>>> print(open('entry_13.json').read())   # JSON, C-alpha atoms
[["chain", "number", "residue", "atom", "x", "y", "z"],
["A", 36, "MET", "CA", 7.31, 79.53, 127.76],
["A", 37, "GLY", "CA", 7.25, 75.74, 128.07],
["A", 38, "GLY", "CA", 6.84, 73.74, 131.23],
["A", 39, "THR", "CA", 10.50, 72.73, 131.27],
["A", 40, "ALA", "CA", 11.73, 76.32, 131.02],
["A", 41, "LEU", "CA", 9.24, 77.38, 133.70],
["A", 42, "PHE", "CA", 10.51, 74.76, 136.16],
["A", 43, "PHE", "CA", 14.11, 75.64, 135.28],
["A", 44, "TYR", "CA", 13.65, 79.29, 136.17],
["A", 45, "LEU", "CA", 11.69, 78.35, 139.31],
["A", 46, "PHE", "CA", 14.37, 75.95, 140.60],
["A", 47, "SER", "CA", 17.17, 78.34, 139.65],
["A", 48, "THR", "CA", 15.58, 81.34, 141.35],
["A", 49, "VAL", "CA", 14.87, 79.48, 144.58],
["A", 50, "MET", "CA", 18.34, 77.91, 144.59],
["A", 51, "ILE", "CA", 20.10, 81.27, 144.11],
["A", 52, "GLY", "CA", 17.98, 82.84, 146.84],
["A", 53, "ALA", "CA", 18.70, 79.93, 149.21],
["A", 54, "ALA", "CA", 22.42, 80.11, 148.44],
["A", 55, "PHE", "CA", 22.42, 83.82, 149.26],
["A", 56, "MET", "CA", 20.64, 83.15, 152.55],
["A", 57, "VAL", "CA", 23.24, 80.50, 153.44],
["A", 58, "ILE", "CA", 26.00, 83.10, 153.54],
["A", 59, "SER", "CA", 23.90, 85.98, 154.87],
["A", 60, "SER", "CA", 22.03, 84.33, 157.76],
["A", 61, "ARG", "CA", 23.35, 85.17, 161.20],
["A", 62, "ASN", "CA", 22.05, 81.93, 162.70],
["A", 63, "PRO", "CA", 24.15, 78.93, 161.53],
["A", 64, "VAL", "CA", 21.19, 76.58, 161.94],
["A", 65, "HIS", "CA", 19.18, 78.68, 159.49],
["A", 66, "SER", "CA", 22.15, 78.60, 157.11],
["A", 67, "VAL", "CA", 22.14, 74.80, 157.12],
["A", 68, "LEU", "CA", 18.40, 74.70, 156.48],
["A", 69, "PHE", "CA", 18.78, 77.06, 153.52],
["A", 70, "LEU", "CA", 21.64, 74.86, 152.30],
["A", 71, "ILE", "CA", 19.29, 71.86, 152.31],
["A", 72, "LEU", "CA", 16.77, 73.90, 150.31],
["A", 73, "ALA", "CA", 19.48, 74.77, 147.77],
["A", 74, "PHE", "CA", 20.41, 71.07, 147.46],
["A", 75, "PHE", "CA", 16.80, 70.10, 146.73],
["A", 76, "ASN", "CA", 16.48, 72.71, 144.00],
["A", 77, "ALA", "CA", 19.81, 71.64, 142.47],
["A", 78, "ALA", "CA", 18.45, 68.08, 142.40],
["A", 79, "GLY", "CA", 15.43, 69.39, 140.52],
["A", 80, "LEU", "CA", 17.72, 70.95, 137.92],
["A", 81, "PHE", "CA", 19.52, 67.62, 137.50],
["A", 82, "VAL", "CA", 16.17, 65.91, 136.91],
["A", 83, "LEU", "CA", 15.36, 68.45, 134.18],
["A", 84, "LEU", "CA", 18.68, 67.62, 132.51],
["A", 85, "GLY", "CA", 17.93, 63.90, 132.55],
["A", 86, "ALA", "CA", 20.53, 63.08, 135.22],
["A", 87, "GLU", "CA", 18.21, 61.44, 137.74],
["A", 88, "PHE", "CA", 21.06, 59.48, 139.32],
["A", 89, "LEU", "CA", 22.96, 62.67, 140.20],
["A", 90, "ALA", "CA", 19.74, 64.16, 141.59],
["A", 91, "MET", "CA", 19.21, 61.10, 143.80],
["A", 92, "ILE", "CA", 22.83, 61.16, 145.01],
["A", 93, "LEU", "CA", 22.56, 64.88, 145.79],
["A", 94, "VAL", "CA", 19.47, 64.32, 147.93],
["A", 95, "VAL", "CA", 20.57, 61.10, 149.63],
["A", 96, "VAL", "CA", 24.22, 61.96, 150.30],
["A", 97, "TYR", "CA", 24.29, 65.72, 150.76],
["A", 98, "VAL", "CA", 20.85, 66.32, 152.26],
["A", 99, "GLY", "CA", 20.56, 63.04, 154.14],
["A", 100, "ALA", "CA", 24.11, 62.87, 155.46],
["A", 101, "VAL", "CA", 26.33, 65.90, 155.02],
["A", 102, "ALA", "CA", 23.85, 68.69, 155.69],
["A", 103, "VAL", "CA", 22.13, 66.89, 158.59],
["A", 104, "LEU", "CA", 25.51, 65.97, 160.12],
["A", 105, "PHE", "CA", 26.64, 69.57, 159.81],
["A", 106, "LEU", "CA", 23.40, 70.69, 161.43],
["A", 107, "PHE", "CA", 23.98, 68.42, 164.43],
["A", 108, "VAL", "CA", 27.61, 69.55, 164.73],
["A", 109, "VAL", "CA", 26.60, 73.22, 164.70],
["A", 110, "MET", "CA", 23.91, 72.60, 167.30],
["A", 111, "MET", "CA", 26.14, 70.52, 169.59],
["A", 112, "LEU", "CA", 29.29, 72.67, 169.51],
["A", 113, "ASP", "CA", 29.47, 75.71, 171.74],
["A", 114, "VAL", "CA", 30.88, 78.07, 169.11],
["A", 115, "ASP", "CA", 31.52, 81.67, 170.12],
["A", 116, "PHE", "CA", 30.19, 83.43, 167.03],
["A", 117, "ALA", "CA", 30.89, 86.85, 168.51],
["A", 118, "GLU", "CA", 34.58, 85.94, 168.51],
["A", 119, "LEU", "CA", 34.38, 84.77, 164.89],
["A", 120, "GLU", "CA", 32.75, 88.02, 163.76],
["A", 121, "LYS", "CA", 35.57, 90.19, 165.10],
["A", 122, "GLY", "CA", 37.68, 89.75, 161.95],
["A", 123, "PHE", "CA", 34.79, 90.46, 159.57],
["A", 124, "TRP", "CA", 35.77, 94.01, 158.71],
["A", 125, "GLN", "CA", 39.39, 93.00, 158.27],
["A", 126, "TYR", "CA", 38.61, 90.63, 155.39],
["A", 127, "LEU", "CA", 35.74, 92.68, 153.94],
["A", 128, "PRO", "CA", 37.72, 94.30, 151.06],
["A", 129, "VAL", "CA", 39.08, 90.98, 149.79],
["A", 130, "GLY", "CA", 35.72, 89.26, 150.22],
["A", 131, "GLY", "CA", 33.87, 92.11, 148.53],
["A", 132, "THR", "CA", 36.23, 91.98, 145.55],
["A", 133, "LEU", "CA", 35.71, 88.23, 145.15],
["A", 134, "VAL", "CA", 31.93, 88.63, 145.38],
["A", 135, "LEU", "CA", 32.01, 91.36, 142.73],
["A", 136, "VAL", "CA", 34.06, 89.18, 140.35],
["A", 137, "VAL", "CA", 31.69, 86.23, 140.83],
["A", 138, "LEU", "CA", 28.62, 88.41, 140.24],
["A", 139, "ILE", "CA", 30.12, 89.76, 137.02],
["A", 140, "GLU", "CA", 30.84, 86.22, 135.81],
["A", 141, "VAL", "CA", 27.31, 85.09, 136.65],
["A", 142, "ALA", "CA", 25.81, 88.12, 134.89],
["A", 143, "LEU", "CA", 27.87, 87.44, 131.76],
["A", 144, "SER", "CA", 26.86, 83.77, 131.80],
["A", 145, "VAL", "CA", 23.16, 84.52, 132.25],
["A", 146, "GLY", "CA", 23.22, 87.21, 129.57],
["A", 147, "ALA", "CA", 24.81, 84.91, 126.99],
["A", 148, "TRP", "CA", 22.75, 81.78, 127.65],
["A", 149, "SER", "CA", 19.08, 80.84, 127.61],
["A", 150, "ILE", "CA", 17.18, 77.66, 128.43],
["A", 151, "GLY", "CA", 14.63, 75.96, 126.25],
["A", 152, "PRO", "CA", 13.46, 72.53, 125.05],
["A", 153, "ILE", "CA", 15.98, 72.56, 122.19],
["A", 154, "SER", "CA", 18.85, 73.37, 124.57],
["A", 155, "ILE", "CA", 17.96, 70.49, 126.89],
["A", 156, "ALA", "CA", 17.70, 68.11, 123.96],
["A", 157, "ASN", "CA", 21.19, 69.12, 122.85],
["A", 158, "VAL", "CA", 22.63, 68.67, 126.35],
["A", 159, "ALA", "CA", 21.32, 65.12, 126.79],
["A", 160, "THR", "CA", 23.92, 62.47, 125.95],
["A", 161, "PRO", "CA", 22.73, 59.82, 123.47],
["A", 162, "MET", "CA", 22.36, 56.37, 125.04],
["A", 163, "PRO", "CA", 21.53, 52.94, 123.63],
["A", 164, "PRO", "CA", 17.80, 52.15, 123.59],
["A", 165, "GLY", "CA", 16.54, 50.47, 126.72],
["A", 166, "MET", "CA", 19.34, 51.80, 128.94],
["A", 167, "THR", "CA", 18.66, 54.31, 131.67],
["A", 168, "ASN", "CA", 20.96, 57.09, 132.76],
["A", 169, "THR", "CA", 21.90, 55.20, 135.92],
["A", 170, "MET", "CA", 22.78, 52.03, 133.99],
["A", 171, "ALA", "CA", 24.94, 53.96, 131.51],
["A", 172, "LEU", "CA", 26.78, 55.77, 134.31],
["A", 173, "GLY", "CA", 27.40, 52.54, 136.19],
["A", 174, "ARG", "CA", 28.68, 50.77, 133.07],
["A", 175, "VAL", "CA", 31.19, 53.54, 132.36],
["A", 176, "LEU", "CA", 32.21, 53.98, 135.99],
["A", 177, "TYR", "CA", 32.85, 50.30, 136.72],
["A", 178, "THR", "CA", 34.46, 49.37, 133.40],
["A", 179, "GLN", "CA", 36.38, 52.19, 131.77],
["A", 180, "TYR", "CA", 37.16, 54.16, 134.94],
["A", 181, "PHE", "CA", 37.19, 51.28, 137.45],
["A", 182, "TYR", "CA", 40.81, 51.73, 138.58],
["A", 183, "LEU", "CA", 40.42, 55.51, 138.93],
["A", 184, "PHE", "CA", 37.25, 54.93, 140.95],
["A", 185, "GLN", "CA", 39.07, 52.55, 143.30],
["A", 186, "ALA", "CA", 42.00, 54.99, 143.61],
["A", 187, "ALA", "CA", 39.59, 57.77, 144.60],
["A", 188, "GLY", "CA", 38.11, 55.48, 147.26],
["A", 189, "PHE", "CA", 41.56, 54.75, 148.71],
["A", 190, "ILE", "CA", 42.38, 58.47, 148.77],
["A", 191, "LEU", "CA", 39.16, 59.21, 150.67],
["A", 192, "LEU", "CA", 39.88, 56.36, 153.08],
["A", 193, "THR", "CA", 43.38, 57.73, 153.72],
["A", 194, "ALA", "CA", 41.96, 61.22, 154.31],
["A", 195, "MET", "CA", 39.40, 59.83, 156.76],
["A", 196, "ILE", "CA", 42.05, 57.93, 158.73],
["A", 197, "GLY", "CA", 44.27, 61.03, 158.77],
["A", 198, "ALA", "CA", 41.42, 63.18, 160.08],
["A", 199, "ILE", "CA", 40.73, 60.67, 162.86],
["A", 200, "VAL", "CA", 44.40, 60.48, 163.84],
["A", 201, "LEU", "CA", 44.81, 64.27, 163.87],
["A", 202, "THR", "CA", 41.71, 64.90, 165.96],
["A", 203, "LEU", "CA", 42.23, 62.03, 168.43],
["A", 204, "ARG", "CA", 43.55, 63.39, 171.71],
["A", 205, "HIS", "CA", 44.49, 61.28, 174.75],
["A", 206, "LYS", "CA", 43.36, 63.15, 177.84],
["A", 207, "VAL", "CA", 44.97, 62.59, 181.23],
["A", 208, "GLY", "CA", 42.74, 60.86, 183.74],
["A", 209, "VAL", "CA", 40.37, 59.32, 181.18],
["A", 210, "LYS", "CA", 40.15, 55.53, 181.26],
["A", 211, "ARG", "CA", 40.84, 53.91, 177.91],
["A", 212, "GLN", "CA", 40.66, 50.35, 176.74],
["A", 213, "ASN", "CA", 44.00, 48.55, 176.32],
["A", 214, "VAL", "CA", 43.33, 45.49, 174.16],
["A", 215, "ALA", "CA", 46.87, 44.10, 174.42],
["A", 216, "MET", "CA", 46.80, 44.23, 178.22],
["A", 217, "GLN", "CA", 43.38, 42.57, 178.30],
["A", 218, "ASN", "CA", 44.53, 39.73, 176.04],
["A", 219, "ALA", "CA", 47.71, 39.20, 178.11],
["A", 220, "ARG", "CA", 45.84, 38.72, 181.40],
["A", 221, "THR", "CA", 45.91, 35.28, 182.99],
["A", 222, "PRO", "CA", 43.12, 33.68, 185.04],
["A", 223, "ALA", "CA", 45.21, 34.16, 188.18],
["A", 224, "GLU", "CA", 45.29, 37.93, 187.58],
["A", 225, "ALA", "CA", 41.66, 38.23, 186.58],
["A", 226, "VAL", "CA", 39.97, 36.05, 189.22],
["A", 227, "GLU", "CA", 40.46, 36.01, 192.98],
["A", 228, "VAL", "CA", 38.99, 32.98, 194.76],
["A", 229, "ARG", "CA", 38.07, 33.32, 198.41],
["A", 230, "LYS", "CA", 36.69, 30.65, 200.69],
["A", 231, "VAL", "CA", 33.90, 32.13, 202.77],
["A", 232, "ALA", "CA", 32.31, 30.30, 205.60],
["A", 233, "SER", "CA", 28.59, 29.65, 205.59],
["A", 234, "ARG", "CA", 26.39, 32.54, 206.77],
["A", 235, "GLN", "CA", 29.35, 34.95, 206.76],
["A", 236, "GLY", "CA", 30.20, 37.84, 204.44],
["A", 237, "ILE", "CA", 33.53, 38.86, 203.02]]
>>> encode(input="entry_13.json", output="structure tokens")
Amino acid sequence: MGGTALFFYLFSTVMIGAAFMVISSRNPVHSVLFLILAFFNAAGLFVLLGAEFLAMILVVVYVGAVAVLFLFVVMMLDVDFAELEKGFWQYLPVGGTLVLVVLIEVALSVGAWSIGPISIANVATPMPPGMTNTMALGRVLYTQYFYLFQAAGFILLTAMIGAIVLTLRHKVGVKRQNVAMQNARTPAEAVEVRKVASRQGI
């Protein structure tokens, strides 16, 4: 067994174990930590496939932003997990059926596929000499698929604005800034001048 195949099986085994612990841990904080471990091992698999840019994005974006943000949200919110677990047995048959189907698909995929140096060489996409994987991806993304890339950015921006609008709630009794009212104020409304005699207070 070569070094590449050894690292592949190591990363795959740890990632599958971490993914199982994500859905089986009772503590949501532990689930997020196992999710970070799964992301790191997936990044290692991308490095073995020669996609170092995807590995870097997986670590920087998902581990550095999404997973850590989710961890802080879970720790800050007062979630009643006992209330969430009440409907567990109700959805157990459907969930068990889906898990069984996925396990059968994974078993069929693993049984019909093997990893080796020749397989990795066949997976790698040929690139011009002197061009890295990141340069080739950037050239394709910002030339051939530039308009689709910009459209995806606008869709994500629209989704972000929609999420902010839907979650924004105006509570009664909470002071809020009114920019239009502030800009419409005159000096006479904002300043009150009083003439106070010497050595006397207001």
>>> atom_distance(input="entry_13.json", atom1="CA of Ala86 (chain A)", atom2="CA of Ala171 (chain A)")
10.8 Å
>>> residues_around(input="entry_13.json", residues="Leu83 (chain A)", least_positions_apart="6", cutoff="10 Å", atoms="only C-alpha atoms", output="CSV table (one decimal) with C-alpha atoms, in the coordinates of the input")
chain,number,residue,atom,x,y,z
A,39,THR,CA,10.5,72.7,131.3
A,40,ALA,CA,11.7,76.3,131.0
A,42,PHE,CA,10.5,74.8,136.2
A,43,PHE,CA,14.1,75.6,135.3
A,46,PHE,CA,14.4,76.0,140.6
A,77,ALA,CA,19.8,71.6,142.5
A,90,ALA,CA,19.7,64.2,141.6
A,155,ILE,CA,18.0,70.5,126.9
>>> closest_residue(input="entry_13.json", among="A:Thr132, A:Ser144, A:Thr202, A:Asn76", to="Ile51 (chain A)", atoms="only C-alpha atoms")
A:Asn76
>>> axis_aligned_box(input="entry_13.json", around="region 71-76 of chain A", padding_each_side="4 Å", output="JSON")
{"center_x": 18.4, "center_y": 72.4, "center_z": 148.2, "size_x": 11.9, "size_y": 12.7, "size_z": 16.3}
>>> atom_distance(input="entry_13.json", atom1="CA of Ala53 (chain A)", atom2="CA of Phe69 (chain A)")
5.2 Å
>>> residues_around(input="entry_13.json", residues="region 95-101 of chain A", least_positions_apart="3", cutoff="12 Å", atoms="only C-alpha atoms", output="MDAnalysis selection string")
chainID A and resid 67:78 88:92 104:108
>>> closest_residue(input="entry_13.json", among="A:Gly146, A:Gly85, A:Gly197, A:Gly130", to="Thr167 (chain A)", atoms="only C-alpha atoms")
A:Gly85
>>> atom_distance(input="entry_13.json", atom1="CA of Ala215 (chain A)", atom2="CA of Met195 (chain A)")
24.8 Å
>>> build_atoms(input="entry_13.json", residues="region 224-235 of chain A", atoms="all heavy atoms", output="PDB file, in the coordinates of the input")
ATOM      1  N   GLU A 224      45.363  36.484 187.414  1.00  0.00           N
ATOM      2  CA  GLU A 224      45.290  37.930 187.580  1.00  0.00           C
ATOM      3  C   GLU A 224      43.862  38.451 187.519  1.00  0.00           C
ATOM      4  O   GLU A 224      43.544  39.480 188.120  1.00  0.00           O
ATOM      5  CB  GLU A 224      46.124  38.623 186.498  1.00  0.00           C
ATOM      6  CG  GLU A 224      47.613  38.291 186.550  1.00  0.00           C
ATOM      7  CD  GLU A 224      48.354  38.891 185.375  1.00  0.00           C
ATOM      8  OE1 GLU A 224      47.669  39.364 184.443  1.00  0.00           O
ATOM      9  OE2 GLU A 224      49.594  38.890 185.368  1.00  0.00           O
ATOM     10  N   ALA A 225      43.020  37.738 186.802  1.00  0.00           N
ATOM     11  CA  ALA A 225      41.660  38.230 186.580  1.00  0.00           C
ATOM     12  C   ALA A 225      40.675  37.787 187.645  1.00  0.00           C
ATOM     13  O   ALA A 225      39.684  38.463 187.904  1.00  0.00           O
ATOM     14  CB  ALA A 225      41.170  37.770 185.203  1.00  0.00           C
ATOM     15  N   VAL A 226      40.928  36.614 188.279  1.00  0.00           N
ATOM     16  CA  VAL A 226      39.970  36.050 189.220  1.00  0.00           C
ATOM     17  C   VAL A 226      40.656  35.847 190.571  1.00  0.00           C
ATOM     18  O   VAL A 226      41.781  35.335 190.643  1.00  0.00           O
ATOM     19  CB  VAL A 226      39.404  34.701 188.704  1.00  0.00           C
ATOM     20  CG1 VAL A 226      38.407  34.132 189.705  1.00  0.00           C
ATOM     21  CG2 VAL A 226      38.749  34.895 187.344  1.00  0.00           C
ATOM     22  N   GLU A 227      39.990  36.234 191.627  1.00  0.00           N
ATOM     23  CA  GLU A 227      40.460  36.010 192.980  1.00  0.00           C
ATOM     24  C   GLU A 227      39.451  35.132 193.708  1.00  0.00           C
ATOM     25  O   GLU A 227      38.277  35.507 193.849  1.00  0.00           O
ATOM     26  CB  GLU A 227      40.641  37.327 193.732  1.00  0.00           C
ATOM     27  CG  GLU A 227      41.178  37.145 195.148  1.00  0.00           C
ATOM     28  CD  GLU A 227      41.314  38.464 195.880  1.00  0.00           C
ATOM     29  OE1 GLU A 227      41.043  39.513 195.224  1.00  0.00           O
ATOM     30  OE2 GLU A 227      41.668  38.466 197.073  1.00  0.00           O
ATOM     31  N   VAL A 228      39.874  33.958 194.113  1.00  0.00           N
ATOM     32  CA  VAL A 228      38.990  32.980 194.760  1.00  0.00           C
ATOM     33  C   VAL A 228      39.161  33.095 196.269  1.00  0.00           C
ATOM     34  O   VAL A 228      40.286  33.029 196.782  1.00  0.00           O
ATOM     35  CB  VAL A 228      39.305  31.552 194.279  1.00  0.00           C
ATOM     36  CG1 VAL A 228      38.371  30.551 194.971  1.00  0.00           C
ATOM     37  CG2 VAL A 228      39.169  31.464 192.773  1.00  0.00           C
ATOM     38  N   ARG A 229      38.062  33.257 196.945  1.00  0.00           N
ATOM     39  CA  ARG A 229      38.070  33.320 198.410  1.00  0.00           C
ATOM     40  C   ARG A 229      37.094  32.292 198.958  1.00  0.00           C
ATOM     41  O   ARG A 229      35.998  32.126 198.427  1.00  0.00           O
ATOM     42  CB  ARG A 229      37.672  34.713 198.904  1.00  0.00           C
ATOM     43  CG  ARG A 229      38.692  35.796 198.596  1.00  0.00           C
ATOM     44  CD  ARG A 229      38.335  37.081 199.315  1.00  0.00           C
ATOM     45  NE  ARG A 229      39.301  38.121 199.055  1.00  0.00           N
ATOM     46  CZ  ARG A 229      39.266  39.309 199.628  1.00  0.00           C
ATOM     47  NH1 ARG A 229      38.285  39.606 200.497  1.00  0.00           N
ATOM     48  NH2 ARG A 229      40.182  40.227 199.344  1.00  0.00           N
ATOM     49  N   LYS A 230      37.542  31.639 200.033  1.00  0.00           N
ATOM     50  CA  LYS A 230      36.690  30.650 200.690  1.00  0.00           C
ATOM     51  C   LYS A 230      35.979  31.327 201.861  1.00  0.00           C
ATOM     52  O   LYS A 230      36.615  31.752 202.834  1.00  0.00           O
ATOM     53  CB  LYS A 230      37.529  29.477 201.192  1.00  0.00           C
ATOM     54  CG  LYS A 230      36.684  28.334 201.733  1.00  0.00           C
ATOM     55  CD  LYS A 230      37.541  27.143 202.107  1.00  0.00           C
ATOM     56  CE  LYS A 230      36.688  26.012 202.629  1.00  0.00           C
ATOM     57  NZ  LYS A 230      37.497  24.815 203.015  1.00  0.00           N
ATOM     58  N   VAL A 231      34.699  31.434 201.761  1.00  0.00           N
ATOM     59  CA  VAL A 231      33.900  32.130 202.770  1.00  0.00           C
ATOM     60  C   VAL A 231      33.083  31.100 203.514  1.00  0.00           C
ATOM     61  O   VAL A 231      32.446  30.221 202.912  1.00  0.00           O
ATOM     62  CB  VAL A 231      32.984  33.173 202.127  1.00  0.00           C
ATOM     63  CG1 VAL A 231      32.196  33.923 203.195  1.00  0.00           C
ATOM     64  CG2 VAL A 231      33.817  34.143 201.302  1.00  0.00           C
ATOM     65  N   ALA A 232      33.101  31.218 204.795  1.00  0.00           N
ATOM     66  CA  ALA A 232      32.310  30.300 205.600  1.00  0.00           C
ATOM     67  C   ALA A 232      30.833  30.559 205.428  1.00  0.00           C
ATOM     68  O   ALA A 232      30.402  31.640 205.028  1.00  0.00           O
ATOM     69  CB  ALA A 232      32.711  30.438 207.090  1.00  0.00           C
ATOM     70  N   SER A 233      30.037  29.530 205.746  1.00  0.00           N
ATOM     71  CA  SER A 233      28.590  29.650 205.590  1.00  0.00           C
ATOM     72  C   SER A 233      28.036  30.707 206.530  1.00  0.00           C
ATOM     73  O   SER A 233      28.465  30.816 207.686  1.00  0.00           O
ATOM     74  CB  SER A 233      27.943  28.281 205.874  1.00  0.00           C
ATOM     75  OG  SER A 233      26.541  28.410 205.750  1.00  0.00           O
ATOM     76  N   ARG A 234      27.103  31.469 206.025  1.00  0.00           N
ATOM     77  CA  ARG A 234      26.390  32.540 206.770  1.00  0.00           C
ATOM     78  C   ARG A 234      27.323  33.668 207.180  1.00  0.00           C
ATOM     79  O   ARG A 234      27.069  34.383 208.131  1.00  0.00           O
ATOM     80  CB  ARG A 234      25.701  31.963 207.998  1.00  0.00           C
ATOM     81  CG  ARG A 234      24.649  30.932 207.688  1.00  0.00           C
ATOM     82  CD  ARG A 234      24.038  30.405 208.980  1.00  0.00           C
ATOM     83  NE  ARG A 234      23.047  29.401 208.679  1.00  0.00           N
ATOM     84  CZ  ARG A 234      21.740  29.641 208.389  1.00  0.00           C
ATOM     85  NH1 ARG A 234      21.335  30.899 208.367  1.00  0.00           N
ATOM     86  NH2 ARG A 234      20.908  28.682 208.126  1.00  0.00           N
ATOM     87  N   GLN A 235      28.443  33.845 206.484  1.00  0.00           N
ATOM     88  CA  GLN A 235      29.350  34.950 206.760  1.00  0.00           C
ATOM     89  C   GLN A 235      29.635  35.711 205.468  1.00  0.00           C
ATOM     90  O   GLN A 235      29.700  35.132 204.376  1.00  0.00           O
ATOM     91  CB  GLN A 235      30.679  34.438 207.359  1.00  0.00           C
ATOM     92  CG  GLN A 235      30.536  33.841 208.736  1.00  0.00           C
ATOM     93  CD  GLN A 235      31.868  33.425 209.301  1.00  0.00           C
ATOM     94  OE1 GLN A 235      32.898  33.651 208.680  1.00  0.00           O
ATOM     95  NE2 GLN A 235      31.855  32.810 210.507  1.00  0.00           N
TER      96      GLN A 235
END
